[in-house]
Amino acid sequence: MKMQEQNQDLLTIAGKTYNSRLLVGSGKYKDLAQTKEATDAAGAEIITVAIRRVNIGQDPKAPSLLDVLPPSQYTILPNTAGCYTAKDAVYTLQMARELLGGHKLVKLEVLGDEKTLFPHMPETLVAAEALVRDGFDVMVYCSDDPIQAKLLASIGCVAVMPLASLIGSGMGILNPWNLSLIIEQATVPVLVDAGVGTASDAAIAMELGCDGVLMNTAIAGAQDPVRMARAMRLGVQAGREAYLAGRIPKRFAASPSSPMAGRLA
């Protein structure tokens, strides 16, 4: 019965359900074989792909990511990493749709500058509106601002993805209060995107009530990416279980584990 309940705790995005709440990137690995091994160790079903950096058919003469992570087995999530304007982001995802045979689920990110890789929210909003009008199912990287997250959901984005801290920084969740506000008002899935460094960061995100976590550098940049992928998988699972279980409240006084009444002596 317990196993059945766990299996029913599915992540739903744009009408499709997934068993795994851990989404992973496909960049920064030493080769495609390691990309495949780490992805499977993570148990990930959704794999994000930077269209400007990873070959999924743009260069027919080069090895393709789709050779090791075929769309028949994984949900490929094209993203706009490296885009700094709404125009470039929209064009990139339109190209991805052609390469993937009409694929609709995409990850939008419009960056503000090369130093922080922080989201450029005005351009992100413009791009999100254009992509939703064009029939895309948009998952969107955004600041940890509850107002911006609410606007993106109202536009029609299928998931909002606030950063925990700067992309690739490994600094973990710096502002859990903002994330909690976003989760509290959410009408679409909320997934932490960027900043996770280790499994405890992933667990904390899930304990806060996030629907999932997306990461790349934390796994690909580890000394042992495959082992770290397994750790992240367990961290996400543990955090989700703890959230569903309901933690005890924090207290400023001790509370004995054993009852004081009815003692033998």
# chains A, B, ... in the order shown; residues from 1 in each chain; ligands from 1
>>> residues_around(residues="Asp9 in chain A", least_positions_apart="5", cutoff="10 Å", atoms="only C-alpha atoms", output="list in words")
Gln4, Thr17, Tyr18, Asn19, Ser20, Arg21, Arg240, Glu241 and Leu244 of chain A
>>> write_last_selection(atoms="N, CA and C atoms", output="PDB file, in the first residue's frame")
ATOM      1  N   GLN A   4       2.388   1.823  -3.336  1.00  0.00           N
ATOM      2  CA  GLN A   4       1.395   2.338  -4.271  1.00  0.00           C
ATOM      3  C   GLN A   4       1.206   3.840  -4.075  1.00  0.00           C
ATOM      4  N   THR A  17       2.835  13.192 -16.873  1.00  0.00           N
ATOM      5  CA  THR A  17       3.310  12.835 -15.538  1.00  0.00           C
ATOM      6  C   THR A  17       4.679  12.164 -15.590  1.00  0.00           C
ATOM      7  N   TYR A  18       5.437  12.384 -14.509  1.00  0.00           N
ATOM      8  CA  TYR A  18       6.788  11.843 -14.389  1.00  0.00           C
ATOM      9  C   TYR A  18       6.976  11.260 -12.992  1.00  0.00           C
ATOM     10  N   ASN A  19       7.706  10.164 -12.908  1.00  0.00           N
ATOM     11  CA  ASN A  19       8.026   9.567 -11.616  1.00  0.00           C
ATOM     12  C   ASN A  19       9.120  10.347 -10.903  1.00  0.00           C
ATOM     13  N   SER A  20      10.085  10.856 -11.657  1.00  0.00           N
ATOM     14  CA  SER A  20      11.223  11.553 -11.070  1.00  0.00           C
ATOM     15  C   SER A  20      10.954  13.047 -10.934  1.00  0.00           C
ATOM     16  N   ARG A  21      11.371  13.598  -9.800  1.00  0.00           N
ATOM     17  CA  ARG A  21      11.278  15.039  -9.585  1.00  0.00           C
ATOM     18  C   ARG A  21      12.641  15.715  -9.725  1.00  0.00           C
ATOM     19  N   ARG A 240      11.413  15.093  -0.534  1.00  0.00           N
ATOM     20  CA  ARG A 240       9.987  14.988  -0.862  1.00  0.00           C
ATOM     21  C   ARG A 240       9.245  14.175   0.193  1.00  0.00           C
ATOM     22  N   GLU A 241       9.841  13.067   0.629  1.00  0.00           N
ATOM     23  CA  GLU A 241       9.219  12.244   1.660  1.00  0.00           C
ATOM     24  C   GLU A 241       9.062  13.027   2.965  1.00  0.00           C
ATOM     25  N   LEU A 244       6.172  15.523   2.602  1.00  0.00           N
ATOM     26  CA  LEU A 244       4.874  14.858   2.666  1.00  0.00           C
ATOM     27  C   LEU A 244       4.578  14.346   4.081  1.00  0.00           C
TER      28      LEU A 244
END
>>> select_by_dssp(residues="range 12-92 of chain A", states="strand (DSSP E)", output="list in words")
Thr12, Ile13, Lys16, Thr17, Tyr18, Leu22, Leu23, Val24, Gly25, Ile46, Ile47, Thr48, Val49, Ala50, Thr75, Ile76, Leu77, Pro78 and Asn79 of chain A
>>> write_last_selection(atoms="C-alpha atoms", output="tab-separated table (two decimals), in the first residue's frame")
chain	number	residue	atom	x	y	z
A	12	THR	CA	2.80	16.66	-13.65
A	13	ILE	CA	3.99	19.26	-16.16
A	16	LYS	CA	2.31	14.74	-18.67
A	17	THR	CA	3.31	12.84	-15.54
A	18	TYR	CA	6.79	11.84	-14.39
A	22	LEU	CA	14.94	15.50	-10.47
A	23	LEU	CA	15.60	17.17	-13.83
A	24	VAL	CA	19.16	17.29	-15.13
A	25	GLY	CA	21.20	19.15	-17.68
A	46	ILE	CA	13.51	15.22	-18.27
A	47	ILE	CA	16.86	16.35	-19.67
A	48	THR	CA	17.45	19.98	-20.52
A	49	VAL	CA	19.59	20.77	-23.57
A	50	ALA	CA	21.28	24.06	-24.41
A	75	THR	CA	11.72	14.06	-22.43
A	76	ILE	CA	14.16	16.43	-24.08
A	77	LEU	CA	13.79	19.97	-22.74
A	78	PRO	CA	15.45	22.46	-25.08
A	79	ASN	CA	16.59	25.63	-23.34
>>> closest_residue(among="A:Gly170, A:Gly15, A:Gly135, A:Pro122", to="Val106 in chain A", atoms="only C-alpha atoms")
A:Gly135
>>> residues_around(residues="Val90 in chain A", least_positions_apart="6", cutoff="9 Å", atoms="only C-alpha atoms", output="list in words")
Thr80, Leu108, Ala127, Ala128, Ala130 and Leu131 of chain A
>>> closest_residue(among="A:Val140, A:Val188, A:Ala14, A:Leu125", to="Lys104 in chain A", atoms="only C-alpha atoms")
A:Ala14
>>> closest_residue(among="A:Asn175, A:Gln237, A:Ser255, A:Ser169", to="Asp145 in chain A", atoms="only C-alpha atoms")
A:Asn175
>>> closest_residue(among="A:Gly172, A:Gly82, A:Gly239, A:Gly43", to="Glu207 in chain A", atoms="only C-alpha atoms")
A:Gly239
>>> residues_around(residues="Pro119 in chain A", least_positions_apart="6", cutoff="12 Å", atoms="only C-alpha atoms", output="PyMOL selection string")
chain A and resi 80-86+108-113+125+140-145+148+161-163+165-167+193-194
>>> closest_residue(among="A:Pro249, A:Pro189, A:Gly221, A:Gly197", to="Gly209 in chain A", atoms="only C-alpha atoms")
A:Pro189
